[in-house]
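Below is the file upload_7.cif, which contains mmCIF, C-alpha atoms.
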```
data_target
#
loop_
_atom_site.label_atom_id
_atom_site.label_comp_id
_atom_site.auth_asym_id
_atom_site.auth_seq_id
_atom_site.Cartn_x
_atom_site.Cartn_y
_atom_site.Cartn_z
CA MET S 11 151.31 88.31 204.40
CA LYS S 12 150.30 85.40 206.57
CA ILE S 13 152.54 83.15 208.60
CA GLU S 14 149.66 80.73 208.96
CA GLU S 15 149.80 80.17 205.19
CA VAL S 16 153.54 79.45 205.50
CA ILE S 17 152.75 76.81 208.12
CA HIS S 18 150.01 75.36 205.93
CA THR S 19 152.43 75.16 202.97
CA VAL S 20 155.12 73.42 205.02
CA ASN S 21 152.57 70.94 206.37
CA GLN S 22 151.58 70.22 202.76
CA MET S 23 155.25 69.71 201.83
CA LYS S 24 155.46 67.12 204.58
CA ALA S 25 152.22 65.45 203.47
CA ASP S 26 153.55 65.33 199.89
CA GLY S 27 156.82 63.75 201.05
CA ILE S 28 159.05 66.66 200.06
CA ILE S 29 160.37 66.91 203.61
CA THR S 30 160.24 64.23 206.29
CA ASN S 31 159.89 66.60 209.18
CA TYR S 32 160.19 70.25 210.14
CA ALA S 33 160.21 72.65 213.05
CA ILE S 34 159.86 76.40 213.27
CA GLY S 35 162.75 78.15 215.00
CA GLY S 36 164.14 81.67 215.24
CA ALA S 37 162.00 84.66 216.16
CA VAL S 38 158.79 83.07 214.90
CA GLY S 39 159.47 79.98 217.01
CA ALA S 40 160.22 82.20 220.01
CA THR S 41 156.87 83.95 219.53
CA PHE S 42 155.13 80.69 220.47
CA TYR S 43 156.54 81.20 224.00
CA LEU S 44 157.13 84.96 224.33
CA GLU S 45 155.55 88.22 223.27
CA PRO S 46 155.63 88.65 219.47
CA VAL S 47 159.19 89.43 218.38
CA SER S 48 159.47 91.55 215.24
CA THR S 49 161.19 89.63 212.47
CA LEU S 50 161.60 89.83 208.73
CA ASP S 51 161.83 86.13 207.89
CA VAL S 52 160.82 82.65 208.96
CA ASP S 53 163.37 79.95 209.83
CA ILE S 54 162.10 76.46 209.08
CA PHE S 55 164.44 73.65 210.09
CA ILE S 56 163.88 70.54 208.04
CA GLU S 57 164.71 66.89 207.75
CA VAL S 58 165.01 65.84 204.14
CA HIS S 59 165.43 62.58 202.29
CA THR S 60 168.97 61.85 201.14
CA GLU S 61 169.92 59.51 198.35
CA PRO S 62 171.04 56.11 199.66
CA GLY S 63 174.80 56.21 200.25
CA SER S 64 174.91 59.98 199.91
CA THR S 65 175.53 62.50 202.66
CA ILE S 66 174.78 65.48 200.44
CA ILE S 67 171.56 67.26 201.28
CA SER S 68 169.95 69.00 198.34
CA LEU S 69 167.27 71.61 198.76
CA ASP S 70 166.47 71.52 195.02
CA PRO S 71 163.32 69.37 195.42
CA ILE S 72 161.98 71.90 197.92
CA PHE S 73 162.68 74.85 195.65
CA ALA S 74 161.23 73.03 192.61
CA TYR S 75 158.07 72.10 194.56
CA LEU S 76 157.54 75.66 195.74
CA ARG S 77 158.36 77.22 192.35
CA GLU S 78 155.66 75.00 190.80
CA ARG S 79 153.24 76.53 193.30
CA GLY S 80 154.12 80.09 192.30
CA CYS S 81 156.62 80.92 195.04
CA LYS S 82 159.55 83.15 194.14
CA MET S 83 163.18 82.72 195.14
CA GLU S 84 164.98 85.71 196.65
CA GLY S 85 168.58 84.77 197.37
CA GLU S 86 168.56 82.00 199.94
CA TYR S 87 164.90 82.63 200.72
CA VAL S 88 161.68 81.34 199.22
CA VAL S 89 158.86 83.84 199.45
CA ILE S 90 155.68 82.15 200.69
CA SER S 91 152.62 84.30 201.20
CA GLY S 92 154.81 87.42 201.35
CA TRP S 93 157.21 85.99 203.95
CA PRO S 94 160.84 85.19 203.08
CA VAL S 95 161.29 81.65 204.36
CA GLN S 96 164.65 80.01 204.88
CA PHE S 97 164.79 76.21 204.87
CA LEU S 98 167.63 75.02 207.05
CA PRO S 99 168.83 71.43 207.21
CA PRO S 100 170.40 70.50 210.55
CA THR S 101 174.04 71.54 210.76
CA GLY S 102 174.93 69.83 214.00
CA PRO S 103 173.74 67.58 216.81
CA LEU S 104 172.00 70.39 218.71
CA ILE S 105 169.67 71.20 215.84
CA GLU S 106 169.17 67.50 215.01
CA GLU S 107 168.07 66.92 218.59
CA ALA S 108 165.89 70.05 218.59
CA LEU S 109 164.15 68.82 215.44
CA ALA S 110 163.55 65.38 216.91
CA GLY S 111 162.12 66.88 220.10
CA ALA S 112 159.98 69.59 218.50
CA VAL S 113 156.40 69.90 219.72
CA GLU S 114 153.18 70.23 217.79
CA VAL S 115 151.09 73.31 218.53
CA ASP S 116 147.57 73.90 217.27
CA VAL S 117 147.20 77.21 215.42
CA GLU S 118 143.47 77.59 214.91
CA GLY S 119 143.14 74.03 213.64
CA THR S 120 146.47 73.94 211.77
CA PRO S 121 149.23 71.89 213.38
CA ALA S 122 152.59 73.65 213.63
CA ARG S 123 155.80 71.93 214.72
CA VAL S 124 157.97 74.21 216.83
CA PHE S 125 161.24 73.81 218.70
CA THR S 126 160.77 73.70 222.46
CA ALA S 127 161.62 76.87 224.35
CA GLU S 128 164.72 75.20 225.84
CA TYR S 129 166.11 74.29 222.41
CA ILE S 130 165.37 77.74 220.94
CA ALA S 131 167.25 79.22 223.89
CA ALA S 132 170.17 76.78 223.52
CA ILE S 133 170.42 77.49 219.78
CA ALA S 134 170.40 81.23 220.56
CA LEU S 135 173.23 80.67 223.02
CA GLN S 136 175.17 78.73 220.39
CA THR S 137 174.67 81.21 217.54
CA GLY S 138 175.59 84.01 219.93
CA ARG S 139 174.74 87.18 217.99
CA ALA S 140 173.61 90.18 220.05
CA LYS S 141 169.99 89.58 219.05
CA ASP S 142 170.28 85.92 220.05
CA LYS S 143 171.51 86.95 223.49
CA VAL S 144 168.55 89.34 223.78
CA ARG S 145 166.24 86.44 222.88
CA LEU S 146 167.79 84.21 225.53
CA LEU S 147 167.39 87.01 228.06
CA GLN S 148 163.73 87.38 227.10
CA PHE S 149 163.16 83.67 227.73
CA ILE S 150 164.80 83.94 231.15
CA GLU S 151 162.99 87.14 232.17
CA ALA S 152 159.66 85.71 231.05
CA ARG S 153 160.40 82.51 233.02
CA ALA S 154 159.54 80.64 229.84
CA LEU S 155 162.35 78.11 230.29
CA ASP S 156 162.59 74.94 232.27
CA LEU S 157 166.07 75.81 233.53
CA PRO S 158 167.18 72.28 234.51
CA SER S 159 166.22 71.00 231.01
CA PHE S 160 167.92 73.98 229.37
CA GLU S 161 171.11 73.49 231.39
CA ALA S 162 171.12 69.78 230.55
CA ILE S 163 171.04 70.70 226.83
CA VAL S 164 173.78 73.29 227.41
CA ALA S 165 175.97 70.67 229.13
CA LYS S 166 175.29 67.96 226.55
CA HIS S 167 176.30 70.22 223.68
CA GLY S 168 179.36 71.78 225.29
CA LEU S 169 177.92 75.26 225.70
CA GLU S 170 178.82 75.69 229.38
CA ARG S 171 181.45 78.37 228.72
CA GLN S 172 178.99 80.49 226.69
CA TRP S 173 176.31 79.99 229.36
CA HIS S 174 178.72 80.95 232.14
CA GLN S 175 179.76 84.11 230.24
CA PHE S 176 176.13 84.96 229.54
CA GLN S 177 175.23 84.63 233.22
CA GLN S 178 178.27 86.64 234.26
CA PHE S 179 177.53 89.59 231.98
CA LEU S 180 173.77 89.63 231.56
CA LEU S 181 172.09 88.10 234.63
CA MET G 25 148.86 134.32 237.84
CA ALA G 26 149.18 131.39 235.43
CA SER G 27 146.82 128.47 235.98
CA VAL G 28 148.08 124.91 236.34
CA SER G 29 147.70 122.92 233.11
CA ALA G 30 145.05 120.18 233.14
CA ILE G 31 147.18 118.02 230.80
CA PRO G 32 148.28 114.88 232.65
CA VAL G 33 151.94 114.93 233.52
CA MET G 34 153.97 112.00 232.18
CA SER G 35 155.29 109.81 234.96
CA LEU G 36 159.03 109.90 235.33
CA ASP G 37 158.98 107.08 237.84
CA ILE G 38 161.32 104.61 236.15
CA GLU G 39 160.21 101.71 238.33
CA GLN G 40 156.60 102.33 237.34
CA MET G 41 157.56 102.50 233.67
CA VAL G 42 159.53 99.24 233.85
CA ALA G 43 156.67 97.50 235.69
CA SER G 44 154.20 98.78 233.11
CA LYS G 45 156.35 97.51 230.22
CA GLN G 46 156.77 94.11 231.87
CA ALA G 47 153.03 93.85 232.38
CA LEU G 48 152.44 94.66 228.71
CA ARG G 49 154.98 92.01 227.65
CA ARG G 50 153.26 89.44 229.88
CA ARG G 51 149.87 90.31 228.38
CA LEU G 52 151.25 90.00 224.84
CA ALA G 53 152.97 86.70 225.63
CA ALA G 54 149.70 85.32 227.00
CA LEU G 55 147.75 86.04 223.81
CA PRO G 56 146.55 83.04 221.76
CA ILE G 57 149.26 81.95 219.33
CA ALA G 58 147.14 82.74 216.26
CA GLU G 59 146.76 86.30 217.47
CA LYS G 60 150.51 86.59 218.08
CA LEU G 61 151.21 85.35 214.55
CA HIS G 62 148.80 87.99 213.17
CA LEU G 63 150.82 90.59 215.09
CA LEU G 64 154.02 89.29 213.43
CA ASP G 65 152.34 89.63 210.02
CA ALA G 66 151.41 93.23 210.85
CA MET G 67 154.89 94.05 212.19
CA ARG G 68 156.56 92.68 209.06
CA GLU G 69 154.22 94.64 206.79
CA ARG G 70 155.12 97.77 208.69
CA ALA G 71 158.85 97.01 208.56
CA VAL G 72 158.72 96.45 204.80
CA ALA G 73 156.76 99.70 204.34
CA ILE G 74 159.32 101.62 206.38
CA ARG G 75 162.29 100.17 204.52
CA GLY G 76 160.85 100.92 201.09
CA VAL G 77 158.17 99.70 198.78
CA ASN G 78 159.99 98.78 195.61
CA HIS G 79 160.99 95.20 194.91
CA ARG G 80 164.72 95.74 195.32
CA GLN G 81 164.24 97.24 198.75
CA LYS G 82 161.89 94.41 199.70
CA ILE G 83 164.70 91.95 199.09
CA GLN G 84 166.93 94.07 201.29
CA ALA G 85 164.31 94.01 204.04
CA GLN G 86 165.61 90.67 205.23
CA GLU G 87 167.80 89.76 208.10
CA GLN G 88 171.34 88.56 208.11
CA PRO G 89 170.77 84.85 208.70
CA PRO G 90 172.37 83.44 211.85
CA ASP G 91 175.31 81.12 211.60
CA TYR G 92 173.65 77.82 212.39
CA GLY G 93 176.69 76.10 210.93
CA LYS G 94 178.64 75.93 214.15
CA LYS G 95 179.20 72.44 215.42
CA SER G 96 178.67 71.91 219.10
#
```
Turn the structure described in the file into structure tokens.
Amino acid sequence: MKIEEVIHTVNQMKADGIITNYAIGGAVGATFYLEPVSTLDVDIFIEVHTEPGSTIISLDPIFAYLRERGCKMEGEYVVISGWPVQFLPPTGPLIEEALAGAVEVDVEGTPARVFTAEYIAAIALQTGRAKDKVRLLQFIEARALDLPSFEAIVAKHGLERQWHQFQQFLL
Amino acid sequence: MASVSAIPVMSLDIEQMVASKQALRRRLAALPIAEKLHLLDAMRERAVAIRGVNHRQKIQAQEQPPDYGKKS
């Protein structure tokens, strides 16, 4: 099991034109800024080509590409180097913006695109599960966030109520 | 008369324990990213081993994906 091989595979997908762009999010993305956070899967947010005039995003080319390279499908996951990987097209403006603003990090010579800490935190606030709130708290406690930037994202995407509630109960 | 045990006594000072945990978290966060990713690999291998080794159980050793479908 090697996450670095997952990153290498996704970079190759981009080089081969299967995806136009990507960024790592979720717990693996958070690990770029915090202590390692135990997780069972890898969330890869992707930009994909769409047919001209179509708004339907199909992940079939991704699955076909990976199947040809020996990867197995398990439900909504593709198993790459032992890791269940979920490919997630953007579902709203917050994730679209996070993808556009993702940063490239060098992992021992391999480039990895990752959401910024502020966007990972904002997405956690939006998804709002207990574990997402814990993640947001970890970012705050570790002082890993640029708070003005984070609050600007919160305001832009209408998450002020969730942020206010979070502050009220957890800070 | 019984002698005093030489075994170190565990600290029950909660402030010391919290400070120690925070220091560990800071040290882990400061590790090079490649090293942190290796730790994730090791943690997942351990989680899969704990949850079961057969294929069916491996599939179950996945998380409930978050609802990224909410529109902001």
**Request:** Tell me which residues the PyMOL selection byres ((chain S and resi 144-148) around 9) grabs here, as a PyMOL selection string.
**Result:** chain S and resi 37+40+44+47+130-132+134-135+139-143+149-154+180-181
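Relative to CA of Phe176 (chain S), CA of Leu61 (chain G) is found at 29.1 Å.
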**Request:** Enumerate, as a PyMOL selection string, the residues matched when the PyMOL selection byres ((chain S and resi 102) around 12) is run on the file above.
**Result:** (chain S and resi 55+98-101+103-109+133+136-137+167) or (chain G and resi 91-96)
**Item:** One-decimal distance in Å that lies between CA of Ile17 (chain S) and CA of Leu63 (chain G)
**Value:**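 It comes out at 15.6 Å.
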**Request:** Decode the PyMOL selection byres ((chain S and resi 54) around 7) for the given file into explicit residues and return them as number ranges by chain.
**Result:** S: 32-35, 52-53, 55-56, 96-98
**Asked** Of the residues S:Ala165, S:Thr60, S:Gln175, S:Pro121, which is the one nearest to Asn21 (chain S), using only C-alpha atoms?
**Response** S:Pro121
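Omitting Phe42 (chain S) and its sequence neighbours fewer than 2 positions away, and counting all atoms listed in the file, the residues within 8 Å are Val38, Gly39, Ala40, Leu44 and Val124 of chain S; Ile57 and Lys60 of chain G.
Near Leu157 (chain S), within 8 Å and counting all atoms listed in the file, sit Glu128, Phe160 and Glu161 of chain S, not including residues fewer than 3 positions from it in the same chain.
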**Message:** Residues within 12 Å of Leu48 (chain G), please, as a list in words. Count all atoms listed in the file; anything in the same chain fewer than 5 positions from it doesn't count.
**Reply:**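 Once the nearby chain positions are removed, what remains is Leu44, Glu45, Pro46 and Ala152 of chain S; Met41, Val42, Ala43, Ala53, Ala54 and Leu55 of chain G.
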**Request:** Determine the nearest neighbour of chain S from the options G:Leu36, G:Met67, G:Ala47, G:Ala73, counting all atoms listed in the file.
**Result:**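 Of the candidates, the smallest distance to chain S is held by G:Met67.
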**Prompt:** Looking at all atoms listed in the file, which of S:Phe73, S:Trp93, S:Trp173, S:Tyr129 is the one that sits closest to chain G?
**Reply:** S:Trp93
**Asked** So how far away is CA of Met11 (chain S) from CA of Gly92 (chain S), in Å?
**Response**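 One can read the CA of Gly92 (chain S) to CA of Met11 (chain S) distance as 4.7 Å.
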**Message:** I'd like to know which of S:Asp51, S:Thr65, S:Ala110, S:Gly27 is closest to chain G, using only C-alpha atoms.
**Reply:**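 Of the candidates, the smallest distance to chain G is held by S:Asp51.
Among the candidate residues S:Cys81, S:Ala162, S:Val115, S:Ile72, the one lying nearest to Met23 (chain S) is S:Ile72, with distances computed using all atoms listed in the file.
Comparing the minimum interatomic distances between Asp156 (chain S) and each of S:His174, S:Gly168, S:Ala127, S:Ser48, counting only C-alpha atoms, we find that S:Ala127 sits nearest.
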**Asked** Skipping near chain neighbours, those fewer than 4 positions away, what residues fall within 7 Å of Val113 (chain S) using all atoms listed in the file, listed as number ranges by chain?
**Response** S: 123-126
Please extract region 70-155 of chain S and write it out with C-alpha atoms, as a PDB file, in the first residue's frame.
```pdb
ATOM      1  CA  ASP S  70     -16.238   5.934 -17.353  1.00  0.00           C
ATOM      2  CA  PRO S  71     -13.003   6.989 -19.127  1.00  0.00           C
ATOM      3  CA  ILE S  72     -11.256   7.106 -15.751  1.00  0.00           C
ATOM      4  CA  PHE S  73     -12.504   3.666 -14.739  1.00  0.00           C
ATOM      5  CA  ALA S  74     -11.655   2.199 -18.175  1.00  0.00           C
ATOM      6  CA  TYR S  75      -8.138   3.691 -18.048  1.00  0.00           C
ATOM      7  CA  LEU S  76      -7.481   2.299 -14.575  1.00  0.00           C
ATOM      8  CA  ARG S  77      -9.035  -1.102 -15.330  1.00  0.00           C
ATOM      9  CA  GLU S  78      -6.645  -1.419 -18.297  1.00  0.00           C
ATOM     10  CA  ARG S  79      -3.818  -0.891 -15.822  1.00  0.00           C
ATOM     11  CA  GLY S  80      -4.994  -3.688 -13.539  1.00  0.00           C
ATOM     12  CA  CYS S  81      -6.896  -1.642 -10.962  1.00  0.00           C
ATOM     13  CA  LYS S  82     -10.026  -3.172  -9.453  1.00  0.00           C
ATOM     14  CA  MET S  83     -13.351  -1.477  -8.808  1.00  0.00           C
ATOM     15  CA  GLU S  84     -14.888  -1.837  -5.355  1.00  0.00           C
ATOM     16  CA  GLY S  85     -18.227  -0.047  -5.281  1.00  0.00           C
ATOM     17  CA  GLU S  86     -17.588   3.616  -5.896  1.00  0.00           C
ATOM     18  CA  TYR S  87     -13.869   3.164  -5.301  1.00  0.00           C
ATOM     19  CA  VAL S  88     -10.998   2.220  -7.564  1.00  0.00           C
ATOM     20  CA  VAL S  89      -8.272   0.341  -5.755  1.00  0.00           C
ATOM     21  CA  ILE S  90      -4.849   1.751  -6.651  1.00  0.00           C
ATOM     22  CA  SER S  91      -1.823   0.257  -4.963  1.00  0.00           C
ATOM     23  CA  GLY S  92      -4.029  -1.150  -2.201  1.00  0.00           C
ATOM     24  CA  TRP S  93      -5.785   2.163  -1.491  1.00  0.00           C
ATOM     25  CA  PRO S  94      -9.498   2.652  -2.268  1.00  0.00           C
ATOM     26  CA  VAL S  95      -9.558   5.897  -4.230  1.00  0.00           C
ATOM     27  CA  GLN S  96     -12.686   7.917  -4.863  1.00  0.00           C
ATOM     28  CA  PHE S  97     -12.696  10.281  -7.839  1.00  0.00           C
ATOM     29  CA  LEU S  98     -14.982  13.202  -7.158  1.00  0.00           C
ATOM     30  CA  PRO S  99     -16.012  15.756  -9.762  1.00  0.00           C
ATOM     31  CA  PRO S 100     -16.825  19.167  -8.293  1.00  0.00           C
ATOM     32  CA  THR S 101     -20.371  19.354  -6.972  1.00  0.00           C
ATOM     33  CA  GLY S 102     -20.512  23.056  -6.250  1.00  0.00           C
ATOM     34  CA  PRO S 103     -18.701  26.377  -6.436  1.00  0.00           C
ATOM     35  CA  LEU S 104     -16.695  25.779  -3.245  1.00  0.00           C
ATOM     36  CA  ILE S 105     -15.032  22.662  -4.598  1.00  0.00           C
ATOM     37  CA  GLU S 106     -14.601  24.211  -8.066  1.00  0.00           C
ATOM     38  CA  GLU S 107     -12.767  27.111  -6.457  1.00  0.00           C
ATOM     39  CA  ALA S 108     -10.732  24.784  -4.221  1.00  0.00           C
ATOM     40  CA  LEU S 109      -9.645  22.813  -7.287  1.00  0.00           C
ATOM     41  CA  ALA S 110      -8.645  25.948  -9.160  1.00  0.00           C
ATOM     42  CA  GLY S 111      -6.636  27.207  -6.181  1.00  0.00           C
ATOM     43  CA  ALA S 112      -4.960  23.925  -5.245  1.00  0.00           C
ATOM     44  CA  VAL S 113      -1.218  24.014  -4.634  1.00  0.00           C
ATOM     45  CA  GLU S 114       1.525  21.737  -5.882  1.00  0.00           C
ATOM     46  CA  VAL S 115       3.622  20.028  -3.222  1.00  0.00           C
ATOM     47  CA  ASP S 116       6.786  18.060  -3.889  1.00  0.00           C
ATOM     48  CA  VAL S 117       6.653  14.528  -2.446  1.00  0.00           C
ATOM     49  CA  GLU S 118      10.187  13.225  -2.850  1.00  0.00           C
ATOM     50  CA  GLY S 119      10.356  14.383  -6.454  1.00  0.00           C
ATOM     51  CA  THR S 120       6.722  13.615  -7.318  1.00  0.00           C
ATOM     52  CA  PRO S 121       4.423  16.620  -7.666  1.00  0.00           C
ATOM     53  CA  ALA S 122       1.132  16.334  -5.780  1.00  0.00           C
ATOM     54  CA  ARG S 123      -1.725  18.822  -6.142  1.00  0.00           C
ATOM     55  CA  VAL S 124      -3.481  19.427  -2.836  1.00  0.00           C
ATOM     56  CA  PHE S 125      -6.280  21.703  -1.671  1.00  0.00           C
ATOM     57  CA  THR S 126      -5.039  24.563   0.474  1.00  0.00           C
ATOM     58  CA  ALA S 127      -5.582  24.215   4.211  1.00  0.00           C
ATOM     59  CA  GLU S 128      -8.247  26.948   4.120  1.00  0.00           C
ATOM     60  CA  TYR S 129     -10.289  25.137   1.466  1.00  0.00           C
ATOM     61  CA  ILE S 130      -9.982  21.746   3.203  1.00  0.00           C
ATOM     62  CA  ALA S 131     -11.256  23.438   6.366  1.00  0.00           C
ATOM     63  CA  ALA S 132     -14.110  25.191   4.520  1.00  0.00           C
ATOM     64  CA  ILE S 133     -15.155  21.935   2.823  1.00  0.00           C
ATOM     65  CA  ALA S 134     -15.093  20.218   6.238  1.00  0.00           C
ATOM     66  CA  LEU S 135     -17.333  22.965   7.591  1.00  0.00           C
ATOM     67  CA  GLN S 136     -19.711  22.511   4.662  1.00  0.00           C
ATOM     68  CA  THR S 137     -19.889  18.696   4.828  1.00  0.00           C
ATOM     69  CA  GLY S 138     -20.387  18.974   8.577  1.00  0.00           C
ATOM     70  CA  ARG S 139     -20.052  15.380   9.801  1.00  0.00           C
ATOM     71  CA  ALA S 140     -18.624  14.902  13.300  1.00  0.00           C
ATOM     72  CA  LYS S 141     -15.267  13.841  11.849  1.00  0.00           C
ATOM     73  CA  ASP S 142     -15.231  16.915   9.606  1.00  0.00           C
ATOM     74  CA  LYS S 143     -15.748  19.143  12.641  1.00  0.00           C
ATOM     75  CA  VAL S 144     -12.877  17.353  14.385  1.00  0.00           C
ATOM     76  CA  ARG S 145     -10.713  18.031  11.317  1.00  0.00           C
ATOM     77  CA  LEU S 146     -11.603  21.717  11.334  1.00  0.00           C
ATOM     78  CA  LEU S 147     -10.782  21.849  15.040  1.00  0.00           C
ATOM     79  CA  GLN S 148      -7.405  20.223  14.372  1.00  0.00           C
ATOM     80  CA  PHE S 149      -6.602  22.891  11.773  1.00  0.00           C
ATOM     81  CA  ILE S 150      -7.503  25.639  14.235  1.00  0.00           C
ATOM     82  CA  GLU S 151      -5.633  24.118  17.185  1.00  0.00           C
ATOM     83  CA  ALA S 152      -2.553  23.537  15.039  1.00  0.00           C
ATOM     84  CA  ARG S 153      -2.766  27.151  13.797  1.00  0.00           C
ATOM     85  CA  ALA S 154      -2.531  25.712  10.302  1.00  0.00           C
ATOM     86  CA  LEU S 155      -5.107  28.127   8.879  1.00  0.00           C
TER      87      LEU S 155
END
```
